[in-house]
>>> print(open('final-v5.txt').read())   # compact mmCIF, C-alpha atoms
# COMPACT_ATOMS: atom_id res chain seq x y z
CA MET A 4 -33.58 -164.24 -253.36
CA THR A 5 -33.67 -160.48 -253.23
CA ALA A 6 -35.89 -158.53 -255.56
CA ALA A 7 -34.22 -156.46 -258.27
CA VAL A 8 -34.21 -152.73 -257.56
CA ASP A 9 -36.86 -150.92 -259.54
CA THR A 10 -35.43 -148.50 -262.02
CA ILE A 11 -36.36 -145.04 -260.80
CA ARG A 12 -38.59 -143.14 -263.14
CA ASP A 13 -37.85 -139.47 -263.49
CA THR A 14 -40.46 -136.92 -262.52
CA PRO A 15 -41.62 -134.49 -265.21
CA PHE A 16 -39.69 -131.24 -265.51
CA VAL A 17 -42.32 -128.63 -264.72
CA ILE A 18 -41.75 -124.88 -264.47
CA GLY A 19 -44.59 -122.48 -263.76
CA GLY A 20 -47.18 -125.15 -264.48
CA ARG A 21 -45.69 -126.16 -267.86
CA ALA A 22 -44.05 -129.53 -268.45
CA PHE A 23 -40.96 -129.79 -270.64
CA HIS A 24 -39.18 -132.84 -272.04
CA SER A 25 -35.62 -131.65 -271.96
CA ARG A 26 -33.77 -130.53 -268.84
CA LEU A 27 -31.31 -128.67 -271.05
CA MET A 28 -32.22 -125.07 -271.88
CA VAL A 29 -30.08 -123.18 -274.36
CA GLY A 30 -29.40 -119.60 -275.37
CA THR A 31 -29.34 -118.20 -278.89
CA GLY A 32 -26.57 -115.61 -278.55
CA LYS A 33 -23.07 -115.37 -279.99
CA TYR A 34 -23.35 -118.02 -282.71
CA ARG A 35 -21.13 -117.37 -285.72
CA ASP A 36 -24.16 -117.75 -288.02
CA ASN A 37 -27.84 -118.52 -287.78
CA GLU A 38 -27.67 -121.87 -289.51
CA THR A 39 -25.15 -123.16 -286.99
CA MET A 40 -27.40 -121.90 -284.22
CA ALA A 41 -30.45 -123.65 -285.63
CA ARG A 42 -28.57 -126.94 -285.99
CA ALA A 43 -27.08 -126.68 -282.51
CA LEU A 44 -30.49 -126.03 -280.97
CA GLU A 45 -31.83 -129.07 -282.74
CA ALA A 46 -28.92 -131.26 -281.61
CA SER A 47 -29.29 -130.06 -278.01
CA GLY A 48 -32.84 -131.42 -277.85
CA ALA A 49 -33.83 -128.33 -275.87
CA ASP A 50 -37.46 -127.25 -275.62
CA ILE A 51 -36.72 -123.92 -273.97
CA VAL A 52 -34.53 -121.38 -275.75
CA THR A 53 -33.68 -117.93 -274.46
CA VAL A 54 -33.80 -114.69 -276.41
CA ALA A 55 -32.95 -111.07 -275.59
CA VAL A 56 -34.93 -107.85 -276.13
CA ARG A 57 -33.15 -105.19 -278.14
CA ARG A 58 -33.88 -102.24 -280.41
CA VAL A 59 -34.78 -103.03 -284.00
CA ASP A 60 -31.92 -102.00 -286.26
CA LEU A 61 -33.59 -99.38 -288.42
CA ASP A 62 -30.69 -99.20 -290.86
CA ARG A 63 -30.89 -102.97 -291.44
CA SER A 64 -27.12 -103.11 -291.35
CA LYS A 65 -27.35 -106.03 -288.97
CA GLU A 66 -29.39 -109.21 -289.26
CA ALA A 67 -33.10 -109.24 -288.63
CA GLY A 68 -34.56 -110.59 -285.39
CA VAL A 69 -33.78 -114.08 -284.20
CA LEU A 70 -37.32 -115.27 -284.92
CA TYR A 71 -36.49 -115.37 -288.62
CA HIS A 72 -34.17 -118.25 -287.80
CA LEU A 73 -36.06 -119.92 -284.98
CA ASP A 74 -39.50 -121.49 -285.25
CA PRO A 75 -41.48 -120.14 -282.29
CA SER A 76 -44.01 -122.96 -282.64
CA ARG A 77 -41.27 -125.51 -282.05
CA TYR A 78 -39.39 -123.89 -279.18
CA PHE A 79 -40.62 -122.32 -275.98
CA LEU A 80 -39.20 -118.79 -276.08
CA LEU A 81 -37.85 -117.58 -272.78
CA ALA A 82 -37.04 -113.88 -272.98
CA ASN A 83 -34.35 -112.51 -270.70
CA THR A 84 -33.56 -109.15 -269.16
CA ALA A 85 -29.86 -109.46 -269.94
CA GLY A 86 -27.95 -106.21 -269.81
CA CYS A 87 -30.20 -104.65 -267.15
CA PHE A 88 -28.44 -103.16 -264.16
CA THR A 89 -31.48 -101.91 -262.23
CA ALA A 90 -34.76 -103.45 -261.13
CA ALA A 91 -36.67 -100.76 -263.05
CA ASP A 92 -34.86 -101.56 -266.31
CA ALA A 93 -35.41 -105.29 -265.87
CA VAL A 94 -39.13 -104.74 -265.28
CA ARG A 95 -39.31 -102.54 -268.39
CA TYR A 96 -37.59 -105.18 -270.55
CA ALA A 97 -39.77 -107.96 -269.12
CA ARG A 98 -42.93 -106.06 -269.99
CA LEU A 99 -41.71 -105.40 -273.53
CA ALA A 100 -40.85 -109.09 -273.89
CA ARG A 101 -44.28 -110.19 -272.72
CA GLU A 102 -45.88 -107.85 -275.24
CA ALA A 103 -44.24 -109.84 -278.02
CA GLY A 104 -47.06 -112.22 -277.27
CA PHE A 105 -45.45 -115.62 -276.69
CA ASN A 106 -45.75 -116.24 -272.96
CA GLU A 107 -45.51 -114.66 -269.52
CA PHE A 108 -42.23 -116.35 -268.58
CA ILE A 109 -39.17 -114.19 -268.03
CA LYS A 110 -35.57 -115.04 -267.28
CA LEU A 111 -34.82 -112.25 -264.85
CA GLU A 112 -31.31 -110.87 -264.71
CA VAL A 113 -30.35 -107.81 -262.73
CA ILE A 114 -26.62 -107.41 -263.03
CA GLY A 115 -24.59 -105.71 -260.32
CA ASP A 116 -21.06 -105.71 -261.67
CA GLN A 117 -19.81 -105.15 -265.19
CA GLU A 118 -16.68 -107.29 -264.97
CA THR A 119 -18.14 -110.44 -263.38
CA LEU A 120 -21.79 -109.95 -264.42
CA LEU A 121 -22.70 -111.18 -260.96
CA PRO A 122 -26.28 -110.46 -259.94
CA ASP A 123 -27.39 -107.48 -257.87
CA VAL A 124 -29.46 -109.55 -255.45
CA GLN A 125 -31.24 -106.56 -253.94
CA GLY A 126 -32.38 -105.35 -257.37
CA LEU A 127 -33.18 -108.91 -258.34
CA LEU A 128 -35.52 -109.41 -255.39
CA GLU A 129 -37.19 -106.07 -256.00
CA ALA A 130 -37.77 -106.83 -259.70
CA ALA A 131 -38.92 -110.37 -258.93
CA ARG A 132 -41.58 -109.11 -256.50
CA THR A 133 -42.83 -106.54 -259.00
CA LEU A 134 -42.98 -109.01 -261.89
CA VAL A 135 -44.65 -111.79 -259.88
CA LYS A 136 -47.31 -109.27 -258.81
CA ASP A 137 -47.70 -108.36 -262.46
CA GLY A 138 -48.46 -111.97 -263.41
CA PHE A 139 -45.07 -113.05 -264.73
CA LYS A 140 -43.56 -116.50 -264.25
CA VAL A 141 -40.14 -115.43 -263.09
CA LEU A 142 -37.00 -117.57 -263.52
CA ALA A 143 -34.42 -115.67 -261.51
CA TYR A 144 -30.73 -115.74 -262.37
CA THR A 145 -28.88 -115.56 -259.06
CA ASN A 146 -25.67 -116.58 -257.32
CA GLU A 147 -25.22 -119.70 -255.15
CA ASP A 148 -26.31 -117.90 -251.98
CA LEU A 149 -28.95 -119.97 -250.19
CA VAL A 150 -30.63 -117.07 -248.43
CA THR A 151 -31.13 -115.13 -251.67
CA ALA A 152 -32.53 -118.28 -253.27
CA LEU A 153 -34.97 -118.70 -250.37
CA ARG A 154 -36.07 -115.06 -250.67
CA LEU A 155 -36.63 -115.48 -254.42
CA GLU A 156 -38.80 -118.51 -253.76
CA GLU A 157 -40.75 -116.56 -251.11
CA ALA A 158 -41.19 -113.77 -253.66
CA GLY A 159 -43.04 -116.24 -255.86
CA CYS A 160 -40.44 -117.05 -258.51
CA ALA A 161 -41.32 -120.02 -260.71
CA ALA A 162 -37.70 -121.20 -260.73
CA VAL A 163 -34.44 -120.14 -259.15
CA MET A 164 -31.33 -120.23 -261.32
CA PRO A 165 -28.03 -120.17 -259.47
CA LEU A 166 -24.89 -119.82 -261.53
CA ALA A 167 -22.24 -122.52 -261.89
CA SER A 168 -19.68 -119.74 -262.48
CA PRO A 169 -19.82 -116.28 -264.13
CA ILE A 170 -21.71 -115.85 -267.41
CA GLY A 171 -19.60 -116.82 -270.41
CA SER A 172 -16.64 -117.91 -268.26
CA GLY A 173 -16.81 -121.66 -268.89
CA LEU A 174 -15.25 -122.26 -265.48
CA GLY A 175 -17.71 -125.02 -264.60
CA LEU A 176 -19.40 -125.68 -261.28
CA LEU A 177 -17.33 -123.78 -258.71
CA ASN A 178 -19.56 -124.32 -255.70
CA PRO A 179 -21.28 -127.71 -255.83
CA TYR A 180 -22.14 -127.49 -252.14
CA GLY A 181 -23.92 -124.15 -252.58
CA VAL A 182 -25.95 -125.34 -255.55
CA ARG A 183 -26.78 -128.66 -253.87
CA THR A 184 -27.91 -126.86 -250.73
CA ILE A 185 -30.19 -124.56 -252.72
CA LYS A 186 -31.72 -127.58 -254.44
CA ARG A 187 -32.21 -129.36 -251.12
CA ARG A 188 -33.93 -126.40 -249.49
CA LEU A 189 -36.16 -125.08 -252.29
CA THR A 190 -39.45 -126.44 -253.51
CA VAL A 191 -39.50 -124.63 -256.86
CA PRO A 192 -37.27 -125.97 -259.67
CA VAL A 193 -33.58 -125.11 -259.48
CA VAL A 194 -31.92 -124.63 -262.86
CA VAL A 195 -28.21 -123.91 -262.99
CA ASP A 196 -27.66 -120.99 -265.35
CA ALA A 197 -24.27 -119.88 -266.67
CA GLY A 198 -20.69 -121.05 -266.38
CA VAL A 199 -20.89 -124.59 -267.73
CA GLY A 200 -18.01 -125.00 -270.18
CA THR A 201 -18.02 -128.58 -271.39
CA ALA A 202 -19.93 -131.83 -271.07
CA SER A 203 -18.28 -132.98 -267.83
CA ASP A 204 -19.35 -129.68 -266.20
CA ALA A 205 -22.94 -130.34 -267.24
CA CYS A 206 -22.81 -133.89 -265.97
CA VAL A 207 -21.36 -132.96 -262.57
CA THR A 208 -23.91 -130.16 -262.28
CA MET A 209 -26.84 -132.48 -262.95
CA GLU A 210 -25.39 -135.00 -260.46
CA GLN A 211 -26.04 -132.41 -257.73
CA GLY A 212 -29.74 -133.11 -258.23
CA VAL A 213 -30.71 -129.82 -259.83
CA ASP A 214 -33.67 -129.83 -262.19
CA GLY A 215 -31.95 -128.52 -265.28
CA ILE A 216 -29.20 -126.42 -266.83
CA LEU A 217 -29.31 -123.33 -269.01
CA MET A 218 -26.26 -122.66 -271.17
CA ASN A 219 -25.29 -120.56 -274.16
CA THR A 220 -21.58 -119.83 -274.61
CA ALA A 221 -20.55 -123.46 -274.04
CA LEU A 222 -22.31 -124.28 -277.31
CA ALA A 223 -21.85 -121.05 -279.26
CA ALA A 224 -18.12 -120.76 -278.53
CA ALA A 225 -17.27 -124.43 -279.08
CA ARG A 226 -15.25 -125.19 -282.22
CA ASP A 227 -18.17 -127.36 -283.36
CA PRO A 228 -21.33 -126.08 -281.67
CA VAL A 229 -23.52 -128.83 -283.12
CA ARG A 230 -21.35 -131.62 -281.77
CA MET A 231 -21.03 -129.86 -278.41
CA ALA A 232 -24.82 -129.57 -278.30
CA THR A 233 -25.07 -133.33 -278.72
CA ALA A 234 -22.45 -133.83 -276.00
CA MET A 235 -24.40 -131.53 -273.67
CA ARG A 236 -27.66 -133.34 -274.33
CA LEU A 237 -26.04 -136.65 -273.42
CA ALA A 238 -24.21 -135.17 -270.42
CA VAL A 239 -27.39 -133.69 -268.97
CA GLU A 240 -29.15 -137.03 -269.40
CA ALA A 241 -26.18 -138.92 -267.95
CA GLY A 242 -25.86 -136.62 -264.96
CA ARG A 243 -29.58 -136.77 -264.28
CA SER A 244 -29.59 -140.55 -264.49
CA ALA A 245 -26.56 -140.83 -262.23
CA TYR A 246 -28.27 -138.59 -259.69
CA LEU A 247 -31.44 -140.67 -259.78
CA ALA A 248 -29.43 -143.90 -259.63
CA GLY A 249 -27.67 -142.79 -256.44
CA ARG A 250 -23.91 -143.05 -256.50
CA MET A 251 -21.87 -145.57 -254.48
CA PRO A 252 -20.23 -144.36 -251.29
CA LYS A 253 -16.67 -143.12 -251.62
CA ARG A 254 -13.99 -145.06 -249.75
CA GLU A 255 -10.35 -144.37 -249.03
CA VAL A 256 -9.36 -148.03 -249.48
CA ALA A 257 -9.92 -150.54 -252.25
CA THR A 258 -12.56 -153.24 -252.09
CA PRO A 259 -12.20 -156.09 -254.58
CA SER A 260 -14.84 -156.46 -257.25
CA SER A 261 -14.10 -160.15 -257.77
CA PRO A 262 -14.78 -162.87 -255.18
CA LEU A 263 -12.02 -163.72 -252.70
CA GLU A 264 -13.30 -167.31 -252.56
CA GLY A 265 -12.32 -169.89 -255.14
CA MET A 266 -8.75 -168.69 -255.57
CA LEU A 267 -6.23 -171.42 -256.50
CA ASP A 268 -3.74 -172.64 -253.89
CA MET B 20 -49.67 -74.34 -284.45
CA ALA B 21 -48.26 -77.27 -286.32
CA HIS B 22 -50.29 -78.57 -289.18
CA LEU B 23 -51.02 -82.17 -289.95
CA ASN B 24 -48.43 -83.59 -292.33
CA ASP B 25 -45.81 -81.04 -291.26
CA ALA B 26 -42.48 -82.69 -290.64
CA ILE B 27 -41.83 -83.21 -286.92
CA GLU B 28 -38.82 -84.29 -284.89
CA VAL B 29 -39.07 -87.41 -282.72
CA THR B 30 -36.55 -89.63 -280.99
CA LEU B 31 -36.70 -93.07 -282.52
CA ASN B 32 -34.61 -95.82 -280.95
CA GLY B 33 -32.41 -93.20 -279.37
CA GLU B 34 -31.76 -91.23 -282.57
CA PRO B 35 -33.38 -87.96 -283.71
CA ARG B 36 -35.58 -88.58 -286.71
CA THR B 37 -37.88 -86.46 -288.85
CA VAL B 38 -41.27 -87.99 -289.57
CA THR B 39 -44.56 -86.78 -290.99
CA GLY B 40 -46.82 -85.18 -288.37
CA GLY B 41 -50.12 -86.87 -287.72
CA LEU B 42 -48.69 -90.28 -288.49
CA THR B 43 -50.07 -93.14 -286.39
CA LEU B 44 -47.64 -95.63 -284.85
CA LEU B 45 -48.93 -98.27 -287.24
CA ALA B 46 -48.24 -95.99 -290.21
CA LEU B 47 -44.81 -95.24 -288.79
CA LEU B 48 -44.01 -98.98 -288.68
CA ARG B 49 -45.27 -99.35 -292.23
CA SER B 50 -43.13 -96.44 -293.38
CA LEU B 51 -40.11 -98.24 -291.90
CA ALA B 52 -41.13 -101.50 -293.61
CA LEU B 53 -41.55 -103.18 -290.22
CA ASP B 54 -44.09 -105.94 -289.59
CA PRO B 55 -46.18 -104.83 -286.60
CA ARG B 56 -46.44 -108.47 -285.50
CA ALA B 57 -42.66 -108.70 -285.18
CA VAL B 58 -42.09 -105.48 -283.22
CA VAL B 59 -43.08 -104.20 -279.79
CA VAL B 60 -43.65 -100.45 -279.56
CA GLU B 61 -42.98 -98.25 -276.56
CA HIS B 62 -44.30 -94.71 -276.92
CA ASN B 63 -43.12 -92.17 -274.35
CA ARG B 64 -42.25 -95.04 -272.00
CA ALA B 65 -45.68 -96.71 -272.29
CA ILE B 66 -46.16 -99.94 -274.21
CA VAL B 67 -48.70 -99.61 -277.01
CA ARG B 68 -50.42 -102.91 -277.69
CA ARG B 69 -50.79 -104.00 -281.28
CA PRO B 70 -54.53 -103.33 -281.63
CA GLN B 71 -53.96 -99.73 -280.47
CA LEU B 72 -51.10 -98.93 -282.86
CA ALA B 73 -53.52 -97.37 -285.32
CA ASP B 74 -55.07 -95.19 -282.59
CA VAL B 75 -51.94 -93.44 -281.34
CA THR B 76 -50.63 -90.44 -283.26
CA VAL B 77 -47.00 -89.40 -283.19
CA ALA B 78 -46.36 -85.85 -281.94
CA ALA B 79 -43.27 -83.63 -282.00
CA GLY B 80 -40.81 -84.52 -279.26
CA ASP B 81 -42.13 -88.04 -278.73
CA THR B 82 -39.78 -90.81 -277.74
CA ILE B 83 -40.44 -94.09 -279.51
CA GLU B 84 -38.70 -97.41 -278.99
CA LEU B 85 -39.13 -100.30 -281.40
CA VAL B 86 -37.82 -103.60 -280.03
CA HIS B 87 -37.77 -107.24 -281.00
CA PHE B 88 -36.10 -110.49 -279.96
CA VAL B 89 -32.48 -111.08 -280.80
CA GLY B 90 -30.15 -113.94 -279.94
CA GLY B 91 -29.27 -114.01 -276.26
CA GLY B 92 -28.53 -116.27 -273.34
>>> encode(input="final-v5.txt", output="structure tokens")
Amino acid sequence: MTAAVDTIRDTPFVIGGRAFHSRLMVGTGKYRDNETMARALEASGADIVTVAVRRVDLDRSKEAGVLYHLDPSRYFLLANTAGCFTAADAVRYARLAREAGFNEFIKLEVIGDQETLLPDVQGLLEAARTLVKDGFKVLAYTNEDLVTALRLEEAGCAAVMPLASPIGSGLGLLNPYGVRTIKRRLTVPVVVDAGVGTASDACVTMEQGVDGILMNTALAAARDPVRMATAMRLAVEAGRSAYLAGRMPKREVATPSSPLEGMLD
Amino acid sequence: MAHLNDAIEVTLNGEPRTVTGGLTLLALLRSLALDPRAVVVEHNRAIVRRPQLADVTVAAGDTIELVHFVGGG
């Protein structure tokens, strides 16, 4: 008799020395209203939520800051440097974010192109080095280029976050090989950030073995963000489990699932 | 020589604004009905930490940025 295979236990999801329960991280932008956002965050099961740094609206014509709708004792706030096109700007935004007093983690974005919002990897590396030296835990939004990912790890980033496809595009995982290769070669956590459009995208992404996914528009722009958040939670768990389980080999020909013996004459 | 309490021009969040001279950053936040715990202040490109907000006085020509967290991805 052969022994049953032990069910593989997952390892904790640790970034920059902090353990998190959920491998799904979500953004807080672009929701039609704050109540929908709050319910979607809850349904997603996320621990880590991202926020942006912007000027206070002194005329109060727009809504107050997101923290009026988001309990900072319940969620781990990950500030981003979204909208920054130079290393200097990103460093400035990161320092302002840290001064808000929640933590020293920063989701570093240095954008190089307005239309695709693809990262400026040179500026990204420069900002990452500066911020790591300054004591930040840097989670770097990058493309699926292995060499850039390696350089970001060498620079001391706490996590490297390759895109699935451009920010807000919903095109899904365009380069599974690139993302898988980054995961295989890096020691720090690899979190896919941006481009996931629906649950199957999240599942396939997690099946590559990456440590987590960060998404925003897939929830905020869904017809029902709360239900999509539930779908994403399940998809991330399903994809992670499938990865840990180890998929069957693919074959070009059929193999019967039922015994060939015992057939009637 | 400008006197204390004279109106002065500053740039606040990118817009010209007239404020009372001699005002501290903390008093400026109060005058705008902003909670200092919910805002981060940058004064002439340098971050002013919360405990120092009462120690820094606004002068004519200063550039002040008041930022906070908003929804983002």
>>> residues_around(input="final-v5.txt", residues="Pro179 in chain A", least_positions_apart="2", cutoff="9 Å", atoms="all atoms listed in the file", output="list in words")
Glu147, Ala167, Leu176, Leu177, Gly181, Val182, Arg183, Thr184, Val207, Thr208 and Gln211 of chain A
>>> atom_distance(input="final-v5.txt", atom1="CA of Ala232 in chain A", atom2="CA of Gly30 in chain A")
11.4 Å
>>> interface_residues(input="final-v5.txt", of="chain B", to="chain A", cutoff="6 Å", atoms="only C-alpha atoms", output="ChimeraX atom specification")
/B:85-92
>>> closest_residue(input="final-v5.txt", among="A:Leu237, A:Val191, A:Ile114, A:Val8", to="Ala152 in chain A", atoms="all atoms listed in the file")
A:Val191
>>> residues_around(input="final-v5.txt", residues="range 65-78 of chain B", least_positions_apart="2", cutoff="12 Å", atoms="all atoms listed in the file", output="JSON, numbers by chain")
{"A": [95, 96, 97, 98, 99, 100, 101, 102, 103, 104], "B": [21, 22, 23, 24, 25, 26, 27, 28, 29, 30, 31, 36, 37, 38, 39, 40, 41, 42, 43, 44, 45, 46, 47, 48, 49, 54, 55, 56, 57, 58, 59, 60, 61, 62, 63, 80, 81, 82, 83, 84, 85, 86]}
>>> write_last_selection(input="final-v5.txt", atoms="C-alpha atoms", output="mmCIF file, keeping the file's coordinate frame")
data_model
loop_
_atom_site.group_PDB
_atom_site.id
_atom_site.type_symbol
_atom_site.label_atom_id
_atom_site.label_comp_id
_atom_site.auth_asym_id
_atom_site.auth_seq_id
_atom_site.Cartn_x
_atom_site.Cartn_y
_atom_site.Cartn_z
ATOM 1 C CA ARG A 95 -39.310 -102.540 -268.390
ATOM 2 C CA TYR A 96 -37.590 -105.180 -270.550
ATOM 3 C CA ALA A 97 -39.770 -107.960 -269.120
ATOM 4 C CA ARG A 98 -42.930 -106.060 -269.990
ATOM 5 C CA LEU A 99 -41.710 -105.400 -273.530
ATOM 6 C CA ALA A 100 -40.850 -109.090 -273.890
ATOM 7 C CA ARG A 101 -44.280 -110.190 -272.720
ATOM 8 C CA GLU A 102 -45.880 -107.850 -275.240
ATOM 9 C CA ALA A 103 -44.240 -109.840 -278.020
ATOM 10 C CA GLY A 104 -47.060 -112.220 -277.270
ATOM 11 C CA ALA B 21 -48.260 -77.270 -286.320
ATOM 12 C CA HIS B 22 -50.290 -78.570 -289.180
ATOM 13 C CA LEU B 23 -51.020 -82.170 -289.950
ATOM 14 C CA ASN B 24 -48.430 -83.590 -292.330
ATOM 15 C CA ASP B 25 -45.810 -81.040 -291.260
ATOM 16 C CA ALA B 26 -42.480 -82.690 -290.640
ATOM 17 C CA ILE B 27 -41.830 -83.210 -286.920
ATOM 18 C CA GLU B 28 -38.820 -84.290 -284.890
ATOM 19 C CA VAL B 29 -39.070 -87.410 -282.720
ATOM 20 C CA THR B 30 -36.550 -89.630 -280.990
ATOM 21 C CA LEU B 31 -36.700 -93.070 -282.520
ATOM 22 C CA ARG B 36 -35.580 -88.580 -286.710
ATOM 23 C CA THR B 37 -37.880 -86.460 -288.850
ATOM 24 C CA VAL B 38 -41.270 -87.990 -289.570
ATOM 25 C CA THR B 39 -44.560 -86.780 -290.990
ATOM 26 C CA GLY B 40 -46.820 -85.180 -288.370
ATOM 27 C CA GLY B 41 -50.120 -86.870 -287.720
ATOM 28 C CA LEU B 42 -48.690 -90.280 -288.490
ATOM 29 C CA THR B 43 -50.070 -93.140 -286.390
ATOM 30 C CA LEU B 44 -47.640 -95.630 -284.850
ATOM 31 C CA LEU B 45 -48.930 -98.270 -287.240
ATOM 32 C CA ALA B 46 -48.240 -95.990 -290.210
ATOM 33 C CA LEU B 47 -44.810 -95.240 -288.790
ATOM 34 C CA LEU B 48 -44.010 -98.980 -288.680
ATOM 35 C CA ARG B 49 -45.270 -99.350 -292.230
ATOM 36 C CA ASP B 54 -44.090 -105.940 -289.590
ATOM 37 C CA PRO B 55 -46.180 -104.830 -286.600
ATOM 38 C CA ARG B 56 -46.440 -108.470 -285.500
ATOM 39 C CA ALA B 57 -42.660 -108.700 -285.180
ATOM 40 C CA VAL B 58 -42.090 -105.480 -283.220
ATOM 41 C CA VAL B 59 -43.080 -104.200 -279.790
ATOM 42 C CA VAL B 60 -43.650 -100.450 -279.560
ATOM 43 C CA GLU B 61 -42.980 -98.250 -276.560
ATOM 44 C CA HIS B 62 -44.300 -94.710 -276.920
ATOM 45 C CA ASN B 63 -43.120 -92.170 -274.350
ATOM 46 C CA GLY B 80 -40.810 -84.520 -279.260
ATOM 47 C CA ASP B 81 -42.130 -88.040 -278.730
ATOM 48 C CA THR B 82 -39.780 -90.810 -277.740
ATOM 49 C CA ILE B 83 -40.440 -94.090 -279.510
ATOM 50 C CA GLU B 84 -38.700 -97.410 -278.990
ATOM 51 C CA LEU B 85 -39.130 -100.300 -281.400
ATOM 52 C CA VAL B 86 -37.820 -103.600 -280.030
#
